[in-house]
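Data first, discussion second: the structure below is written as structure tokens.
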Amino acid sequence: MTTLSRPGATIVAAIISAVIVAVSGCSATNSPATSPTDTGNSAKGFTRTTSTSTSTSICTTNEAKGECGPYRFPRTKSEPPQGIAGTSGDITVGNNVWSEPHGNWSQILHVANPASWKVVANFPAGETSVRSFPNTGQTQDWINGTKLPAKLSTWSSILSSYSVKLNAHSGTVAEAAYDLWLDNWNDEVMIQTDFVGDRLRPRCDANGDVITAQTFGGTNGVPVQKWNLCIFDREFIWQPATGTNHRSDKVDVMAMLTWLQEHGNGKYLPAKPTLTAISFGFEICSTGGRNQTFEVNNFSFIATRA
């Protein structure tokens, strides 16, 4: 399938998602809420910069909306995919401090590649709303000759693996999560995997918001796991039960999307959904006012065409 790029898609996503506020996952979604020209909090005299070291191939940025990339993997047939493969579009790793905290804060992103990166954040204590979503992401190219992304049925399988370290301490409120957009930014599906701060920000099951519990896995090396579904407007969130965390895992993303497509008579996803954007990273609310390092390693998101 020949594709062409989608100019302005990131801006569209920012505008659409900025108006959505969820009551789970740190009480908000991961959408830019500040101007693209905003340089971040300068109360600390903290200069916002983005740089790349050619000797180490590490990209570093402390800009609120700084990005590393774009990347395209694999570059050759013999190179193993890093990050995202099988879909189309430039891959970036973004700092994405979309709702800057009040007072002093900092967040520094260090990227080796889309599969391996870390961010050092320092956000005020007591926050339970998402302030940033540093992530590996990709907005899908348009199908050639149209302004439409590809149908989800373009792929027969979407499998993803990851390993994360939240390195949490007292006062941390955050989670690792996939954020998937479908149907030209109209439907959002989150798969939240590893949580810190349940006492300060309870999950769906603690609040009585679970719509259904479903089991996925058992093939392609994906472990059998139970996931709770909660829904807030057009945001659909899969979570493990309170007390369960998946710090290193393999996820059958297609199975979780297909379930939403095939159930609810269109109340969840439509009968023929399209894939708009892919991302995986950390929803960060608070680090208790101290530096905290969040790490992603061995991340892959592999889509196989039907």
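Residues are named by chain letter and number: chains run A, B, ... in the order of the structure tokens, numbers start at 1 in each chain, and ligands are numbered from 1 in the order shown.
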
Show me a table, sorted first by chain and then by increasing residue number, of the residues of region 230-267 of chain A having an atom at most 10 Å from region 203-222 of chain A, each with its shortest atom pair and the distance in Å to one decimal, counting only C-alpha atoms and written as a tab-separated table.
```
residue	atom	partner	partner_atom	distance
A:Cys230	CA	A:Val210	CA	4.8
A:Ile231	CA	A:Ile211	CA	7.3
A:Phe232	CA	A:Asp209	CA	9.3
A:Ile237	CA	A:Cys204	CA	9.0
A:Trp238	CA	A:Ala213	CA	9.0
A:Gln239	CA	A:Cys204	CA	7.8
A:Pro240	CA	A:Arg203	CA	8.9
A:Ala241	CA	A:Asp205	CA	6.7
A:Thr242	CA	A:Arg203	CA	6.4
A:Gly243	CA	A:Arg203	CA	9.7
A:Asp249	CA	A:Val222	CA	7.9
A:Lys250	CA	A:Val222	CA	5.3
A:Val251	CA	A:Val222	CA	6.0
A:Asp252	CA	A:Gly217	CA	6.5
A:Val253	CA	A:Phe216	CA	9.4
A:Ala255	CA	A:Phe216	CA	7.1
A:Met256	CA	A:Phe216	CA	7.4
A:Trp259	CA	A:Gln214	CA	9.1
```

Among region 180-273 of chain A, which ones does DSSP place in strand (DSSP E or B), written as a JSON list (two decimals) with N, CA and C atoms, in the first residue's frame?
```json
[["chain", "number", "residue", "atom", "x", "y", "z"],
["A", 180, "LEU", "N", -3.60, 4.42, 22.18],
["A", 180, "LEU", "CA", -3.90, 4.12, 20.78],
["A", 180, "LEU", "C", -5.10, 4.95, 20.33],
["A", 181, "TRP", "N", -4.93, 5.65, 19.22],
["A", 181, "TRP", "CA", -6.02, 6.45, 18.67],
["A", 181, "TRP", "C", -6.55, 5.80, 17.40],
["A", 182, "LEU", "N", -7.86, 5.81, 17.26],
["A", 182, "LEU", "CA", -8.51, 5.20, 16.11],
["A", 182, "LEU", "C", -9.54, 6.17, 15.53],
["A", 187, "ASP", "N", -11.71, 7.95, 18.66],
["A", 187, "ASP", "CA", -11.75, 6.92, 19.69],
["A", 187, "ASP", "C", -10.34, 6.70, 20.23],
["A", 188, "GLU", "N", -10.25, 6.62, 21.57],
["A", 188, "GLU", "CA", -8.96, 6.42, 22.23],
["A", 188, "GLU", "C", -9.03, 5.14, 23.07],
["A", 189, "VAL", "N", -8.03, 4.27, 22.88],
["A", 189, "VAL", "CA", -7.93, 3.04, 23.66],
["A", 189, "VAL", "C", -6.61, 3.07, 24.42],
["A", 190, "MET", "N", -6.68, 2.97, 25.74],
["A", 190, "MET", "CA", -5.48, 2.90, 26.56],
["A", 190, "MET", "C", -5.37, 1.51, 27.16],
["A", 191, "ILE", "N", -4.14, 1.00, 27.19],
["A", 191, "ILE", "CA", -3.83, -0.25, 27.88],
["A", 191, "ILE", "C", -2.80, 0.13, 28.95],
["A", 192, "GLN", "N", -3.26, 0.25, 30.18],
["A", 192, "GLN", "CA", -2.41, 0.68, 31.28],
["A", 192, "GLN", "C", -1.86, -0.56, 31.99],
["A", 193, "THR", "N", -0.55, -0.61, 32.20],
["A", 193, "THR", "CA", 0.08, -1.88, 32.55],
["A", 193, "THR", "C", 0.76, -1.92, 33.91],
["A", 194, "ASP", "N", 1.41, -0.86, 34.32],
["A", 194, "ASP", "CA", 2.19, -0.87, 35.56],
["A", 194, "ASP", "C", 1.92, 0.42, 36.32],
["A", 195, "PHE", "N", 1.41, 0.30, 37.55],
["A", 195, "PHE", "CA", 0.92, 1.45, 38.32],
["A", 195, "PHE", "C", 1.74, 1.70, 39.57],
["A", 196, "VAL", "N", 1.84, 2.97, 39.93],
["A", 196, "VAL", "CA", 2.36, 3.38, 41.22],
["A", 196, "VAL", "C", 1.44, 4.49, 41.74],
["A", 212, "THR", "N", -16.56, -4.57, 32.21],
["A", 212, "THR", "CA", -16.42, -6.01, 32.03],
["A", 212, "THR", "C", -14.98, -6.40, 32.32],
["A", 213, "ALA", "N", -14.75, -7.66, 32.58],
["A", 213, "ALA", "CA", -13.40, -8.21, 32.74],
["A", 213, "ALA", "C", -13.22, -9.31, 31.70],
["A", 214, "GLN", "N", -12.14, -9.23, 30.92],
["A", 214, "GLN", "CA", -11.90, -10.19, 29.85],
["A", 214, "GLN", "C", -10.49, -10.76, 29.97],
["A", 215, "THR", "N", -10.33, -11.98, 29.46],
["A", 215, "THR", "CA", -9.03, -12.65, 29.48],
["A", 215, "THR", "C", -8.46, -12.68, 28.08],
["A", 216, "PHE", "N", -7.19, -12.28, 27.95],
["A", 216, "PHE", "CA", -6.49, -12.30, 26.67],
["A", 216, "PHE", "C", -5.18, -13.06, 26.84],
["A", 225, "GLN", "N", -3.83, -13.37, 30.70],
["A", 225, "GLN", "CA", -4.02, -12.35, 31.73],
["A", 225, "GLN", "C", -5.45, -11.80, 31.67],
["A", 226, "LYS", "N", -5.93, -11.40, 32.84],
["A", 226, "LYS", "CA", -7.26, -10.82, 32.95],
["A", 226, "LYS", "C", -7.15, -9.30, 32.99],
["A", 227, "TRP", "N", -8.00, -8.64, 32.22],
["A", 227, "TRP", "CA", -7.98, -7.18, 32.11],
["A", 227, "TRP", "C", -9.38, -6.62, 32.38],
["A", 228, "ASN", "N", -9.45, -5.55, 33.14],
["A", 228, "ASN", "CA", -10.71, -4.83, 33.38],
["A", 228, "ASN", "C", -10.87, -3.73, 32.35],
["A", 229, "LEU", "N", -12.10, -3.51, 31.91],
["A", 229, "LEU", "CA", -12.41, -2.45, 30.97],
["A", 229, "LEU", "C", -13.24, -1.38, 31.66],
["A", 230, "CYS", "N", -12.80, -0.14, 31.54],
["A", 230, "CYS", "CA", -13.63, 0.99, 31.99],
["A", 230, "CYS", "C", -13.69, 2.01, 30.86],
["A", 231, "ILE", "N", -14.77, 2.77, 30.83],
["A", 231, "ILE", "CA", -15.05, 3.65, 29.70],
["A", 231, "ILE", "C", -15.40, 5.04, 30.21],
["A", 232, "PHE", "N", -14.80, 6.04, 29.60],
["A", 232, "PHE", "CA", -15.11, 7.43, 29.91],
["A", 232, "PHE", "C", -15.30, 8.17, 28.59],
["A", 235, "GLU", "N", -13.17, 7.24, 25.49],
["A", 235, "GLU", "CA", -11.90, 6.68, 25.93],
["A", 235, "GLU", "C", -12.16, 5.32, 26.59],
["A", 236, "PHE", "N", -11.50, 4.29, 26.06],
["A", 236, "PHE", "CA", -11.68, 2.93, 26.54],
["A", 236, "PHE", "C", -10.36, 2.49, 27.18],
["A", 237, "ILE", "N", -10.42, 2.09, 28.45],
["A", 237, "ILE", "CA", -9.20, 1.80, 29.21],
["A", 237, "ILE", "C", -9.20, 0.36, 29.69],
["A", 238, "TRP", "N", -8.16, -0.39, 29.29],
["A", 238, "TRP", "CA", -7.91, -1.72, 29.83],
["A", 238, "TRP", "C", -6.88, -1.60, 30.94],
["A", 239, "GLN", "N", -7.18, -2.22, 32.10],
["A", 239, "GLN", "CA", -6.28, -2.20, 33.25],
["A", 239, "GLN", "C", -6.24, -3.57, 33.91],
["A", 248, "SER", "N", 7.12, -6.18, 32.91],
["A", 248, "SER", "CA", 7.73, -6.72, 31.71],
["A", 248, "SER", "C", 6.72, -7.68, 31.11],
["A", 249, "ASP", "N", 6.32, -7.44, 29.86],
["A", 249, "ASP", "CA", 5.16, -8.17, 29.39],
["A", 249, "ASP", "C", 5.14, -8.23, 27.86],
["A", 250, "LYS", "N", 4.30, -9.14, 27.35],
["A", 250, "LYS", "CA", 3.96, -9.20, 25.94],
["A", 250, "LYS", "C", 2.45, -9.10, 25.84],
["A", 251, "VAL", "N", 1.97, -8.22, 24.99],
["A", 251, "VAL", "CA", 0.55, -7.90, 24.94],
["A", 251, "VAL", "C", 0.01, -8.15, 23.53],
["A", 252, "ASP", "N", -1.16, -8.79, 23.46],
["A", 252, "ASP", "CA", -1.84, -8.98, 22.18],
["A", 252, "ASP", "C", -2.75, -7.77, 21.96]]
```

Quick one: which region 237-304 of chain A residues come within 8 Å of region 137-152 of chain A, and what is the nearest atom pair for each with the distance in Å to one decimal, counting only C-alpha atoms, rows ordered by chain and ascending number, as a Markdown table?
```
| residue | atom | partner | partner_atom | distance |
| --- | --- | --- | --- | --- |
| A:Lys272 | CA | A:Lys151 | CA | 6.7 |
| A:Pro273 | CA | A:Leu152 | CA | 5.8 |
| A:Thr274 | CA | A:Lys151 | CA | 4.0 |
| A:Leu275 | CA | A:Leu152 | CA | 5.6 |
| A:Thr276 | CA | A:Gln140 | CA | 5.4 |
| A:Ala277 | CA | A:Thr139 | CA | 4.3 |
| A:Ile278 | CA | A:Gln138 | CA | 5.2 |
| A:Ser279 | CA | A:Gly137 | CA | 4.0 |
| A:Phe280 | CA | A:Gly137 | CA | 6.6 |
```

I need the residues from that last selection saved to file as a tab-separated table (two decimals), in the first residue's frame (with N, CA and C atoms), if you can.
```tsv
chain	number	residue	atom	x	y	z
A	272	LYS	N	-15.85	-1.17	11.48
A	272	LYS	CA	-14.66	-1.10	10.64
A	272	LYS	C	-13.76	0.05	11.11
A	273	PRO	N	-13.10	-0.10	12.25
A	273	PRO	CA	-12.27	0.98	12.77
A	273	PRO	C	-11.01	1.18	11.94
A	274	THR	N	-10.48	2.37	12.00
A	274	THR	CA	-9.21	2.67	11.35
A	274	THR	C	-8.18	3.02	12.42
A	275	LEU	N	-6.91	2.78	12.11
A	275	LEU	CA	-5.83	3.04	13.05
A	275	LEU	C	-5.21	4.40	12.75
A	276	THR	N	-5.18	5.28	13.74
A	276	THR	CA	-4.73	6.64	13.55
A	276	THR	C	-3.34	6.89	14.14
A	277	ALA	N	-3.11	6.46	15.38
A	277	ALA	CA	-1.83	6.74	16.03
A	277	ALA	C	-1.53	5.70	17.10
A	278	ILE	N	-0.23	5.49	17.34
A	278	ILE	CA	0.26	4.50	18.29
A	278	ILE	C	1.23	5.19	19.24
A	279	SER	N	1.18	4.86	20.54
A	279	SER	CA	2.21	5.36	21.45
A	279	SER	C	2.30	4.47	22.69
A	280	PHE	N	3.47	4.49	23.31
A	280	PHE	CA	3.70	3.78	24.56
A	280	PHE	C	4.67	4.59	25.40
```

Contacts of region 220-299 of chain A with region 92-102 of chain A up to 10 Å, shortest pair per row, only C-alpha atoms, as CSV:
```
residue,atom,partner,partner_atom,distance
A:Ser279,CA,A:Val93,CA,9.1
A:Phe280,CA,A:Val93,CA,9.5
A:Gly281,CA,A:Val93,CA,9.2
A:Glu283,CA,A:Val97,CA,9.9
A:Ile284,CA,A:Val97,CA,9.1
A:Cys285,CA,A:Pro101,CA,8.9
A:Ser286,CA,A:Pro101,CA,9.2
```

| query | Expressed in Å to a single decimal, how great is the separation between CA of Tyr71 (chain A) and CA of Ser116 (chain A)? | reply | 12.8 Å

| request: For Ala168 (chain A), work out the shell of residues within 9 Å, counting only C-alpha atoms and skipping chain neighbours fewer than 4 positions away, then give it as a list of chain:residue names. | output: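 The filter keeps A:Thr172, A:Val173, A:Ala174, A:Val196, A:Gly197, A:Thr287, A:Gln292, A:Thr293, A:Phe294.
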
For the selection just defined, write its residues with C-alpha atoms to a file, as a PDB file, in the first residue's frame.
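Once everything was written out, this is out37.pdb:
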```pdb
ATOM      1  CA  THR A 172       4.852   8.852  43.126  1.00  0.00           C
ATOM      2  CA  VAL A 173       1.678   8.721  41.044  1.00  0.00           C
ATOM      3  CA  ALA A 174       2.211   7.329  37.540  1.00  0.00           C
ATOM      4  CA  VAL A 196       2.356   3.381  41.221  1.00  0.00           C
ATOM      5  CA  GLY A 197       0.172   5.433  43.562  1.00  0.00           C
ATOM      6  CA  THR A 287       7.135  12.265  41.667  1.00  0.00           C
ATOM      7  CA  GLN A 292      12.603  10.026  39.538  1.00  0.00           C
ATOM      8  CA  THR A 293      13.828   8.003  36.564  1.00  0.00           C
ATOM      9  CA  PHE A 294      11.330   6.180  34.344  1.00  0.00           C
TER      10      PHE A 294
END
```

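Using only C-alpha atoms, the nearest neighbour of Ile158 (chain A) within the list A:Asn62, A:Gln261, A:Thr87, A:Asn104 is A:Thr87.
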
| task | Mind giving me the straight-line distance from CA of Phe123 (chain A) to CA of His246 (chain A) in Å, one decimal? | result | 23.9 Å

| Taking into account only C-alpha atoms, which residue in the set A:Leu109, A:Cys59, A:Val296, A:Leu269 is nearest to Asn186 (chain A)? | A:Leu269

| task | Measure the distance from CA of Glu175 (chain A) to CA of Thr60 (chain A) in Å and round it to one decimal. | result | 22.1 Å

| query | Which of these residues is nearest to Asp90 (chain A), using only C-alpha atoms: A:Glu67, A:Asp198, A:Glu262, A:Asp179? | reply |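 For Asp90 (chain A), the nearest of the candidates is A:Glu67.
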
| task | Could you check which of A:Ala125, A:Arg234, A:Ile108, A:Leu200 is closest to Trp185 (chain A), using only C-alpha atoms? | result | A:Arg234
